[in-house]
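Below is the file structure02.cif, which contains mmCIF, C-alpha atoms.
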data_coords
loop_
_atom_site.label_atom_id
_atom_site.label_comp_id
_atom_site.auth_asym_id
_atom_site.auth_seq_id
_atom_site.Cartn_x
_atom_site.Cartn_y
_atom_site.Cartn_z
CA MET A 1 -36.00 27.32 -34.31
CA PHE A 2 -39.57 28.13 -33.29
CA CYS A 3 -38.52 31.42 -31.68
CA LEU A 4 -36.50 32.26 -34.78
CA THR A 5 -39.59 31.69 -36.92
CA GLN A 6 -41.62 34.03 -34.71
CA PHE A 7 -38.79 36.54 -35.01
CA ILE A 8 -38.74 36.32 -38.83
CA ASP A 9 -42.53 36.55 -39.18
CA THR A 10 -42.71 39.70 -37.08
CA LEU A 11 -39.61 41.11 -38.74
CA SER A 12 -41.19 40.76 -42.18
CA MET A 13 -44.02 43.04 -41.04
CA SER A 14 -42.13 45.71 -39.12
CA ALA A 15 -39.00 45.91 -41.32
CA LEU A 16 -41.01 46.98 -44.36
CA LEU A 17 -42.37 50.09 -42.64
CA SER A 18 -39.03 51.86 -43.10
CA ALA A 19 -38.94 50.89 -46.78
CA ILE A 20 -42.40 52.12 -47.79
CA PRO A 21 -41.27 55.69 -48.71
CA ALA A 22 -38.44 54.23 -50.82
CA LEU A 23 -40.89 51.85 -52.53
CA GLU A 24 -43.19 54.76 -53.35
CA ALA A 25 -40.34 56.66 -54.98
CA SER A 26 -38.76 53.77 -56.89
CA MET A 27 -41.94 52.03 -58.10
CA GLY A 28 -44.15 55.09 -58.52
CA MET A 29 -46.71 53.85 -55.99
CA THR A 30 -49.61 55.89 -54.76
CA LYS A 31 -50.34 56.27 -51.07
CA ILE A 32 -53.11 53.66 -51.25
CA GLN A 33 -50.89 51.15 -53.06
CA SER A 34 -48.04 51.59 -50.59
CA THR A 35 -50.47 51.02 -47.73
CA TRP A 36 -51.43 47.65 -49.21
CA VAL A 37 -47.79 46.54 -49.18
CA PHE A 38 -48.16 46.33 -45.42
CA SER A 39 -51.91 45.78 -45.09
CA GLY A 40 -52.02 42.98 -47.66
CA PHE A 41 -49.63 40.92 -45.57
CA ARG A 42 -51.63 41.47 -42.39
CA LEU A 43 -54.92 40.73 -44.13
CA THR A 44 -53.87 37.32 -45.47
CA PHE A 45 -51.87 36.54 -42.33
CA SER A 46 -54.85 37.02 -40.02
CA SER A 47 -57.31 35.38 -42.44
CA PHE A 48 -55.37 32.13 -42.82
CA LEU A 49 -54.39 31.64 -39.18
CA LEU A 50 -57.46 29.53 -38.38
CA ILE A 51 -57.12 27.17 -41.35
CA SER A 52 -53.45 26.83 -40.53
CA GLY A 53 -54.34 25.87 -36.97
CA ARG A 54 -56.77 23.22 -38.12
CA LEU A 55 -54.22 21.80 -40.58
CA SER A 56 -51.67 21.56 -37.76
CA ASP A 57 -54.19 19.78 -35.49
CA VAL A 58 -55.47 17.35 -38.12
CA TYR A 59 -52.21 16.61 -39.95
CA ASN A 60 -48.56 16.57 -38.91
CA PRO A 61 -47.66 20.06 -37.61
CA LYS A 62 -44.02 19.49 -38.57
CA THR A 63 -44.99 19.25 -42.25
CA VAL A 64 -47.06 22.44 -42.04
CA PHE A 65 -44.24 24.24 -40.25
CA ILE A 66 -41.53 23.23 -42.73
CA GLY A 67 -43.79 24.04 -45.68
CA GLY A 68 -44.62 27.47 -44.31
CA VAL A 69 -41.00 28.37 -43.53
CA SER A 70 -39.76 27.14 -46.93
CA THR A 71 -42.47 29.02 -48.81
CA LEU A 72 -41.79 32.16 -46.79
CA GLY A 73 -38.10 32.07 -47.68
CA ILE A 74 -38.73 31.47 -51.39
CA LEU A 75 -41.35 34.22 -51.66
CA SER A 76 -39.19 36.72 -49.79
CA LEU A 77 -36.31 35.96 -52.15
CA CYS A 78 -38.54 36.43 -55.19
CA ALA A 79 -39.83 39.75 -53.85
CA GLY A 80 -36.29 41.08 -53.90
CA PHE A 81 -36.18 40.82 -57.71
CA VAL A 82 -39.53 42.56 -58.36
CA TYR A 83 -39.55 46.15 -59.61
CA THR A 84 -43.24 46.75 -60.37
CA THR A 85 -46.20 47.47 -58.12
CA VAL A 86 -48.72 44.68 -58.81
CA PRO A 87 -46.30 41.72 -58.44
CA ILE A 88 -44.93 43.04 -55.15
CA LEU A 89 -48.46 43.41 -53.76
CA VAL A 90 -49.34 39.87 -54.83
CA LEU A 91 -46.15 38.44 -53.36
CA ARG A 92 -46.70 40.25 -50.08
CA ALA A 93 -50.22 38.84 -49.83
CA ILE A 94 -49.01 35.28 -50.51
CA THR A 95 -46.18 35.80 -48.02
CA GLY A 96 -48.81 36.51 -45.37
CA ILE A 97 -50.34 33.08 -46.06
CA ALA A 98 -46.95 31.40 -45.67
CA SER A 99 -46.33 33.23 -42.40
CA ALA A 100 -49.75 32.19 -41.13
CA MET A 101 -48.74 28.55 -41.66
CA THR A 102 -45.77 28.86 -39.31
CA ILE A 103 -47.23 30.35 -36.10
CA PRO A 104 -49.92 27.78 -35.11
CA SER A 105 -47.73 24.85 -36.13
CA ALA A 106 -44.80 26.28 -34.16
CA LEU A 107 -47.00 26.65 -31.08
CA LYS A 108 -48.25 23.08 -31.51
CA LEU A 109 -44.71 21.72 -31.69
CA LEU A 110 -43.61 23.95 -28.83
CA VAL A 111 -46.30 22.55 -26.54
CA LYS A 112 -45.37 18.99 -27.51
CA VAL A 113 -41.64 19.53 -27.00
CA PHE A 114 -42.18 21.04 -23.51
CA PRO A 115 -44.91 18.97 -21.81
CA ASP A 116 -43.91 20.09 -18.32
CA PRO A 117 -46.09 23.08 -17.34
CA LEU A 118 -43.18 25.11 -15.93
CA GLU A 119 -40.94 24.59 -18.97
CA GLN A 120 -43.91 25.14 -21.26
CA ALA A 121 -44.70 28.47 -19.60
CA ARG A 122 -41.10 29.62 -20.01
CA ALA A 123 -40.97 28.48 -23.63
CA VAL A 124 -44.25 30.18 -24.58
CA GLY A 125 -43.16 33.35 -22.79
CA PHE A 126 -39.83 33.43 -24.62
CA PHE A 127 -41.66 32.70 -27.90
CA ALA A 128 -43.82 35.78 -27.33
CA GLY A 129 -40.79 37.86 -26.33
CA CYS A 130 -38.99 37.11 -29.60
CA GLY A 131 -41.90 38.66 -31.47
CA ALA A 132 -41.55 41.83 -29.38
CA VAL A 133 -37.82 42.03 -30.10
CA ALA A 134 -38.44 41.58 -33.83
CA ASN A 135 -41.12 44.25 -33.79
CA MET A 136 -38.57 46.77 -32.53
CA GLY A 137 -35.54 45.41 -34.37
CA GLY A 138 -37.35 45.23 -37.70
CA LEU A 139 -37.58 49.00 -37.88
CA VAL A 140 -33.81 49.27 -37.38
CA VAL A 141 -32.95 46.52 -39.87
CA GLY A 142 -35.29 47.93 -42.51
CA ALA A 143 -33.92 51.44 -42.06
CA MET A 144 -30.33 50.16 -42.41
CA PHE A 145 -31.03 48.46 -45.72
CA VAL A 146 -33.00 51.42 -47.04
CA GLN A 147 -30.17 53.78 -46.13
CA ARG A 148 -27.53 51.58 -47.77
CA THR A 149 -29.48 51.25 -51.04
CA ALA A 150 -30.72 54.87 -51.19
CA GLY A 151 -28.84 57.85 -52.52
CA SER A 152 -27.27 58.50 -55.86
CA ARG A 153 -27.45 55.85 -58.56
CA LYS A 154 -24.32 53.84 -59.11
CA PRO A 155 -23.27 51.17 -61.60
CA LYS A 156 -24.30 47.64 -60.70
CA GLY A 157 -20.77 46.65 -59.76
CA ALA A 158 -20.50 49.60 -57.38
CA LYS A 159 -23.85 48.75 -55.81
CA TRP A 160 -22.80 45.19 -55.04
CA LYS A 161 -19.56 46.40 -53.48
CA SER A 162 -21.34 48.96 -51.30
CA LEU A 163 -23.63 46.31 -49.82
CA ASP A 164 -20.80 44.78 -47.75
CA LEU A 165 -22.14 41.25 -48.20
CA VAL A 166 -19.35 39.74 -46.11
CA GLY A 167 -20.03 41.95 -43.10
CA VAL A 168 -23.81 41.64 -43.31
CA GLY A 169 -23.53 37.86 -43.72
CA VAL A 170 -21.25 37.52 -40.68
CA LEU A 171 -23.53 39.71 -38.55
CA THR A 172 -26.67 37.79 -39.63
CA VAL A 173 -25.15 34.40 -38.83
CA SER A 174 -23.88 35.67 -35.48
CA PHE A 175 -27.34 36.94 -34.54
CA ILE A 176 -28.92 33.61 -35.48
CA LEU A 177 -26.38 31.71 -33.37
CA LEU A 178 -26.79 34.13 -30.48
CA ILE A 179 -30.60 33.85 -30.47
CA PHE A 180 -30.37 30.05 -30.73
CA ALA A 181 -27.85 29.90 -27.87
CA VAL A 182 -29.88 32.16 -25.59
CA THR A 183 -33.07 30.22 -26.38
CA SER A 184 -31.41 26.87 -25.73
CA GLY A 185 -29.71 28.16 -22.59
CA SER A 186 -33.02 29.02 -20.94
CA THR A 187 -34.23 25.44 -21.43
CA ASP A 188 -31.15 23.15 -21.60
CA GLY A 189 -29.11 25.08 -19.03
CA TRP A 190 -26.30 27.57 -19.47
CA LYS A 191 -23.67 24.94 -18.68
CA SER A 192 -24.57 22.89 -21.76
CA PRO A 193 -21.54 22.52 -24.11
CA VAL A 194 -23.62 23.32 -27.19
CA VAL A 195 -24.95 26.51 -25.61
CA LEU A 196 -21.51 27.66 -24.50
CA ILE A 197 -19.87 26.90 -27.87
CA LEU A 198 -22.57 28.71 -29.86
CA LEU A 199 -22.51 31.65 -27.47
CA ILE A 200 -18.73 32.01 -27.74
CA ILE A 201 -18.80 31.67 -31.55
CA SER A 202 -21.54 34.30 -31.88
CA ILE A 203 -19.67 36.78 -29.67
CA ILE A 204 -16.43 36.22 -31.63
CA MET A 205 -18.29 36.73 -34.93
CA ILE A 206 -19.86 39.97 -33.69
CA ALA A 207 -16.45 41.24 -32.61
CA GLY A 208 -15.03 40.15 -35.97
CA PHE A 209 -17.78 42.04 -37.78
CA PHE A 210 -16.89 45.32 -36.06
CA TYR A 211 -13.20 44.75 -36.77
CA TRP A 212 -14.02 44.06 -40.44
CA GLU A 213 -15.92 47.35 -40.63
CA THR A 214 -12.79 49.25 -39.58
CA LEU A 215 -10.89 47.80 -42.57
CA LEU A 216 -13.41 49.01 -45.18
CA PRO A 217 -13.91 52.51 -46.58
CA ALA A 218 -16.81 54.40 -45.07
CA ASP A 219 -18.86 54.23 -48.29
CA ARG A 220 -18.60 50.43 -48.45
CA ALA A 221 -19.05 49.49 -44.77
CA ALA A 222 -22.48 48.40 -43.55
CA ILE A 223 -21.93 50.22 -40.23
CA PRO A 224 -19.02 52.65 -40.60
CA PRO A 225 -17.08 53.22 -37.36
CA ARG A 226 -17.88 56.93 -37.50
CA THR A 227 -21.53 56.03 -36.88
CA TRP A 228 -20.81 55.44 -33.21
CA PHE A 229 -19.42 58.96 -32.82
CA TYR A 230 -22.55 60.76 -33.97
CA ASN A 231 -23.99 63.08 -31.34
CA ASN A 232 -25.63 60.92 -28.62
CA PHE A 233 -26.04 58.01 -31.07
CA SER A 234 -24.60 55.34 -28.76
CA VAL A 235 -26.76 56.47 -25.85
CA LEU A 236 -29.89 56.57 -27.98
CA LEU A 237 -29.16 53.12 -29.43
CA ALA A 238 -28.75 51.65 -25.95
CA THR A 239 -31.99 53.33 -24.92
CA ALA A 240 -33.74 51.86 -27.96
CA LEU A 241 -32.67 48.36 -26.88
CA LEU A 242 -34.22 48.75 -23.43
CA PRO A 243 -37.89 48.29 -24.50
CA SER A 244 -37.07 45.06 -26.34
CA PHE A 245 -35.04 43.77 -23.42
CA TRP A 246 -37.80 44.74 -21.01
CA TRP A 247 -40.48 42.99 -23.08
CA THR A 248 -38.42 39.83 -23.41
CA PHE A 249 -37.59 39.86 -19.69
CA ALA A 250 -41.24 40.34 -18.74
CA ALA A 251 -42.29 37.55 -21.12
CA SER A 252 -39.70 34.89 -20.28
CA CYS A 253 -38.76 35.53 -16.65
CA THR A 254 -42.34 35.78 -15.37
CA GLY A 255 -43.44 32.56 -17.04
CA SER A 256 -42.70 30.51 -13.91
CA PHE A 257 -45.08 32.69 -11.89
CA SER A 258 -48.00 30.77 -13.40
CA ARG A 259 -47.04 27.79 -11.21
CA ILE A 260 -47.24 29.91 -8.06
CA TYR A 261 -50.07 32.33 -8.76
CA SER A 262 -53.26 32.02 -10.74
CA PRO A 263 -52.86 33.31 -14.33
CA LYS A 264 -55.96 35.42 -13.73
CA TRP A 265 -54.22 37.57 -11.12
CA ILE A 266 -51.04 37.87 -13.19
CA ILE A 267 -53.06 39.07 -16.18
CA LEU A 268 -54.93 41.53 -13.94
CA THR A 269 -51.59 42.83 -12.67
CA GLY A 270 -50.49 43.46 -16.26
CA LEU A 271 -53.77 45.24 -17.03
CA SER A 272 -53.34 47.37 -13.88
CA LEU A 273 -49.92 48.50 -15.10
CA CYS A 274 -51.50 49.36 -18.47
CA MET A 275 -54.18 51.41 -16.71
CA VAL A 276 -51.62 53.41 -14.76
CA ALA A 277 -49.55 53.98 -17.90
CA THR A 278 -52.57 55.11 -19.92
CA LEU A 279 -53.65 57.46 -17.13
CA LEU A 280 -50.19 59.05 -17.06
CA LEU A 281 -50.25 59.57 -20.83
CA ALA A 282 -53.75 61.04 -20.67
CA LEU A 283 -52.87 63.47 -17.87
CA GLY A 284 -49.45 64.58 -19.05
CA GLY A 285 -48.09 65.04 -22.50
CA GLY A 286 -47.58 67.53 -25.25
CA LYS A 287 -44.91 69.47 -23.36
CA PRO A 288 -41.19 68.73 -23.01
CA GLU A 289 -41.28 69.18 -19.24
CA ASN A 290 -43.87 66.38 -18.94
CA TYR A 291 -41.57 63.69 -20.37
CA TRP A 292 -39.85 62.47 -17.19
CA PRO A 293 -42.78 62.72 -14.72
CA PHE A 294 -45.42 61.33 -17.11
CA VAL A 295 -44.27 59.89 -20.45
CA PHE A 296 -41.17 57.93 -19.42
CA PRO A 297 -42.78 56.03 -16.49
CA ALA A 298 -45.84 55.44 -18.68
CA PHE A 299 -43.74 53.70 -21.34
CA VAL A 300 -41.92 51.59 -18.73
CA LEU A 301 -45.08 50.49 -16.92
CA GLY A 302 -47.15 50.14 -20.08
CA SER A 303 -44.66 48.00 -21.98
CA ALA A 304 -44.18 45.71 -18.96
CA GLY A 305 -47.93 45.43 -18.39
CA VAL A 306 -48.73 44.67 -22.00
CA MET A 307 -46.07 41.98 -22.24
CA VAL A 308 -47.05 40.34 -18.93
CA ALA A 309 -50.73 40.25 -19.94
CA PHE A 310 -49.89 39.03 -23.45
CA SER A 311 -47.49 36.25 -22.46
CA HIS A 312 -49.58 34.92 -19.57
CA THR A 313 -52.73 34.97 -21.69
CA ASN A 314 -50.79 32.77 -24.10
CA ILE A 315 -49.78 30.47 -21.26
CA ALA A 316 -53.31 30.29 -19.80
CA ILE A 317 -54.84 29.47 -23.18
CA PHE A 318 -52.55 26.48 -23.74
CA GLN A 319 -53.08 25.29 -20.18
CA ALA A 320 -56.84 25.38 -20.62
CA ALA A 321 -57.00 23.77 -24.08
CA PRO A 322 -56.21 20.10 -24.78
CA LEU A 323 -53.13 19.21 -26.79
CA SER A 324 -55.21 18.16 -29.80
CA MET A 325 -56.59 21.72 -30.10
CA SER A 326 -53.42 23.69 -29.31
CA SER A 327 -52.86 24.85 -32.90
CA THR A 328 -56.46 25.97 -33.32
CA VAL A 329 -56.56 27.98 -30.09
CA GLY A 330 -53.15 29.47 -30.92
CA ALA A 331 -54.46 30.53 -34.32
CA MET A 332 -57.60 32.02 -32.75
CA PHE A 333 -55.51 33.95 -30.23
CA ASN A 334 -53.18 35.41 -32.86
CA GLY A 335 -56.13 36.16 -35.12
CA ALA A 336 -57.80 38.04 -32.26
CA LEU A 337 -54.61 40.08 -31.84
CA GLN A 338 -54.67 41.09 -35.50
CA PHE A 339 -58.39 41.87 -35.42
CA GLY A 340 -58.10 43.86 -32.20
CA SER A 341 -55.16 45.89 -33.48
CA ALA A 342 -57.04 46.78 -36.66
CA ILE A 343 -60.22 47.79 -34.80
CA GLY A 344 -58.29 49.67 -32.13
CA LEU A 345 -56.18 51.56 -34.66
CA ALA A 346 -59.27 52.61 -36.62
CA ALA A 347 -61.16 53.72 -33.49
CA ILE A 348 -58.26 55.64 -31.96
CA THR A 349 -57.46 57.34 -35.28
CA SER A 350 -61.10 58.39 -35.70
CA ILE A 351 -61.30 59.83 -32.18
CA GLU A 352 -57.98 61.64 -32.50
CA THR A 353 -58.88 63.15 -35.88
CA SER A 354 -62.33 64.32 -34.79
CA VAL A 355 -61.01 65.96 -31.61
CA GLU A 356 -58.11 67.63 -33.40
CA ALA A 357 -60.53 69.15 -35.91
CA THR A 358 -62.13 71.23 -33.12
CA HIS A 359 -59.20 71.66 -30.71
CA GLY A 360 -56.38 73.35 -32.55
CA GLY A 361 -55.25 70.74 -35.08
CA SER A 362 -52.65 67.98 -34.99
CA HIS A 363 -49.99 70.11 -33.28
CA GLU A 364 -52.09 70.18 -30.09
CA TYR A 365 -52.19 67.29 -27.62
CA ALA A 366 -55.98 67.27 -27.18
CA GLY A 367 -56.61 64.59 -29.82
CA ARG A 368 -54.03 62.19 -28.42
CA ALA A 369 -55.23 62.81 -24.88
CA ALA A 370 -58.80 61.97 -25.94
CA SER A 371 -57.61 58.70 -27.50
CA PHE A 372 -55.83 57.78 -24.25
CA TRP A 373 -58.95 58.57 -22.24
CA CYS A 374 -60.99 56.34 -24.54
CA HIS A 375 -58.47 53.54 -24.11
CA LEU A 376 -58.55 54.07 -20.36
CA TYR A 377 -62.32 53.65 -20.27
CA CYS A 378 -61.94 50.24 -21.95
CA GLN A 379 -59.57 48.92 -19.28
CA PRO A 380 -62.22 48.24 -16.59
CA LEU A 381 -64.15 46.20 -19.15
CA LYS A 382 -61.06 44.04 -19.62
CA TYR A 383 -60.96 43.59 -15.87
CA SER A 384 -64.46 42.17 -15.84
CA LEU A 385 -63.87 39.94 -18.85
CA SER A 386 -60.66 38.51 -17.43
CA CYS A 387 -62.40 37.46 -14.18
CA SER A 388 -64.66 34.44 -14.54
CA GLY A 389 -66.58 32.87 -11.68
CA ASN A 390 -69.99 32.65 -10.02
CA SER A 391 -72.65 35.33 -9.93
CA GLU A 392 -71.42 36.77 -6.62
CA GLU A 393 -67.93 37.29 -8.02
CA PHE A 394 -69.41 38.82 -11.17
CA GLN A 395 -71.39 41.29 -9.03
CA GLN A 396 -68.22 42.24 -7.19
CA ARG A 397 -66.43 42.79 -10.50
CA LEU A 398 -69.34 44.87 -11.76
CA MET A 399 -69.17 47.07 -8.64
CA LEU A 400 -65.42 47.40 -9.14
CA LEU A 401 -66.07 48.42 -12.73
CA CYS A 402 -68.49 51.16 -11.62
CA ASP A 403 -66.12 52.41 -8.93
CA THR A 404 -63.21 52.49 -11.38
CA TRP A 405 -65.36 54.36 -13.89
CA ASN A 406 -66.16 57.01 -11.25
CA ILE A 407 -62.46 57.31 -10.41
CA PHE A 408 -61.62 57.85 -14.09
CA GLN A 409 -64.33 60.47 -14.42
CA GLY A 410 -62.96 62.29 -11.39
CA ALA A 411 -59.40 62.07 -12.72
CA ARG A 412 -60.50 63.44 -16.08
CA SER A 413 -62.39 66.30 -14.44
CA ALA A 414 -59.34 67.10 -12.33
CA ALA A 415 -57.10 67.03 -15.41
CA GLU A 416 -59.47 69.32 -17.29
CA ALA A 417 -59.58 71.74 -14.35
CA TRP A 418 -55.77 71.68 -14.19
CA ARG A 419 -55.53 72.49 -17.90
CA GLN A 420 -58.03 75.34 -17.57
CA ARG A 421 -56.12 76.77 -14.59
CA ASP A 422 -52.84 76.49 -16.46
CA LYS A 423 -54.37 78.24 -19.46
CA ALA A 424 -55.76 81.01 -17.26
CA GLU A 425 -52.36 81.50 -15.64
CA ARG A 426 -50.68 81.81 -19.02
CA VAL A 427 -53.28 84.33 -20.21
CA GLY A 428 -52.87 86.33 -17.00
CA LYS A 429 -49.09 86.28 -17.32
CA ARG A 430 -49.32 87.52 -20.90
CA LYS A 431 -51.61 90.36 -19.85
CA ARG A 432 -49.27 91.37 -17.03
CA GLU A 433 -46.32 91.41 -19.42
CA GLN A 434 -48.27 93.60 -21.82
CA ALA A 435 -49.22 95.94 -18.96
CA ASP A 436 -45.60 96.24 -17.81
CA SER A 437 -44.41 97.03 -21.32
CA GLY A 438 -46.84 99.96 -21.59
CA PRO A 439 -50.02 100.54 -23.56
CA ILE A 440 -50.13 99.22 -27.05
CA PRO A 441 -50.58 102.05 -29.56
CA THR A 442 -53.82 101.80 -31.44
CA ARG A 443 -54.80 103.33 -34.71
CA THR A 444 -57.49 105.97 -34.71
CA THR A 445 -59.89 105.78 -37.55
CA ARG A 446 -62.07 108.60 -38.71
CA SER A 447 -65.65 107.87 -39.42
CA LYS A 448 -66.67 108.75 -42.86
CA THR A 449 -70.07 110.29 -43.44
CA ARG A 450 -71.85 109.82 -46.66
CA THR A 451 -73.52 112.87 -48.05
CA HIS A 452 -76.69 112.44 -49.93
#

Starting from the file, lay out its structure as structure tokens.
Amino acid sequence: MFCLTQFIDTLSMSALLSAIPALEASMGMTKIQSTWVFSGFRLTFSSFLLISGRLSDVYNPKTVFIGGVSTLGILSLCAGFVYTTVPILVLRAITGIASAMTIPSALKLLVKVFPDPLEQARAVGFFAGCGAVANMGGLVVGAMFVQRTAGSRKPKGAKWKSLDLVGVGVLTVSFILLIFAVTSGSTDGWKSPVVLILLIISIIMIAGFFYWETLLPADRAAIPPRTWFYNNFSVLLATALLPSFWWTFAASCTGSFSRIYSPKWIILTGLSLCMVATLLLALGGGKPENYWPFVFPAFVLGSAGVMVAFSHTNIAIFQAAPLSMSSTVGAMFNGALQFGSAIGLAAITSIETSVEATHGGSHEYAGRAASFWCHLYCQPLKYSLSCSGNSEEFQQRLMLLCDTWNIFQGARSAAEAWRQRDKAERVGKRKREQADSGPIPTRTTRSKTRTH
């Protein structure tokens, strides 16, 4: 239930991104108003996390959790019947408050349900992984609903028939049962009768959903069978599932490492993977031939590093804080995530825009490379902040920071020299091609003399 709440909260943020262009067209929103559909939720969500944490610590967290989930469901249902701009913005802002009430209380209850440190680490890691899955899956779910409701206008009866409520309902229930079974299996054991029954029922319902889709006309099916025969669609869909699976695996399966190794070194390992990934993206990119040697390994290493650092920071925070303050520290942690994402997005966008203005525009890779270099320079600072200890250890970390900075400067200089050499080779090749093709005819102009 707690993981499902984390899934729904994250889904309500990411799923709406695909619907923003449709909202602009149907409600006549401006660009600024459509931005607040998403930003209003994040603003109230991050602002009310702390008060929600204190309420969960002072009062019964179960009451706060149930109240937040109930309010979130009611407000989301009401938002589906709104067709004007101002009410949808207000409802989205209030929905952010309801979502903020669920996260700290869920973490409080999660820590109380799993008092054993090993089980607690696994549970917190899986809780964080569900948010990562929802962040990716929300884009797909939102795009599916937008696609089904877009297009030519139909009578109301035809619209209801084209929604395929039976198929969507079966698929939704099967996903809920599957997530609940997988979550319970990691804690209660995979041989538990409840886990096995729910797992079998969810698989049967998913198979029944796909069989049901074959019985419906293509214009009424939620996922028509012909969808799977689009060019490379199945392969791309499987590839899209890999990041979510990788994040969840890194979050849940590495939770037990905190009993063997210090969380500090696990977090540093995650940050090291992020540094390598950022360096690869800064050095290579902007060309199709750079995808496999640079971009693909950067996404694999970066996503694993981010999730390891994120999940084990969660685990370390709850291990360091007493049970009476678990909701408050959970709220502070999630609030810091929202604040950091807002500041980071603004800084990276500013750097990218300013560099693109003087280096060929948005179609060149220079702006994105500069943003990656800026992010790379911040990584050694995270190293120093994540290592706490006496003054001698701090001096060692400071020396490591300076050495890492020098390495980054050398790598950037080497990358710049490589780009200049590549540019010179292309210019030389172009000149040789022009020379081989013969002299380019030039126009002769006669000078005109003015007579006085």

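Non-sequential neighbours of Thr353 of chain A (distance at most 9 Å, separation of 3 or more positions within a chain, only C-alpha atoms) are Ile348, Thr349, Ser350, Glu356, Ala357, Gly361, Ser362, Gly367 and Arg368 of chain A.
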
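Shortest atom-to-atom contact with Ala221 of chain A among A:Gly335, A:Gly167, A:Gly284, A:Gly270: A:Gly167, counting all atoms listed in the file.
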
I'd like to see the residues matched by the PyMOL selection byres ((chain A and resi 171) around 10) on this file, and ideally I'd get them as a PyMOL selection string. chain A and resi 165-170+172-177+202+205-210

Just the residues within 12 Å of Arg42 of chain A, please, counting only C-alpha atoms, with nothing from its chain fewer than 4 positions along; format it as number ranges by chain. A: 9-10, 12-14, 35-38, 46-49, 89, 92-100, 334-335, 337-339, 341-342

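Nearest residue to Leu109 of chain A, choosing from A:Ser326, A:Thr358, A:Ser18, A:Ser371 and counting only C-alpha atoms: A:Ser326.
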
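Distances to Leu17 of chain A were evaluated for A:Pro297, A:Gly68, A:Gly138, A:Gly125 using all atoms listed in the file, and the minimum falls at A:Gly138.
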
May I ask which of the residues A:Leu91, A:Ala123, A:Val86, A:Met307 is the closest one to Thr30 of chain A, counting only C-alpha atoms? A:Val86

Distance of atom CA of Thr85 of chain A from atom CA of Ile8 of chain A, expressed in Å to one decimal place: 23.5 Å

Expected selection from the PyMOL selection byres ((chain A and resi 7) around 10), given as a PyMOL selection string: chain A and resi 1-6+8-12+127-135+137-138+179

Could you give me, as a list in words, the residues within 9 Å of Gly285 of chain A, counting only C-alpha atoms and dropping anything in the same chain fewer than 4 positions from it? Leu280, Leu281, Glu289, Asn290, Tyr291, Phe294, Val295, Tyr365, Arg368 and Ala369 of chain A
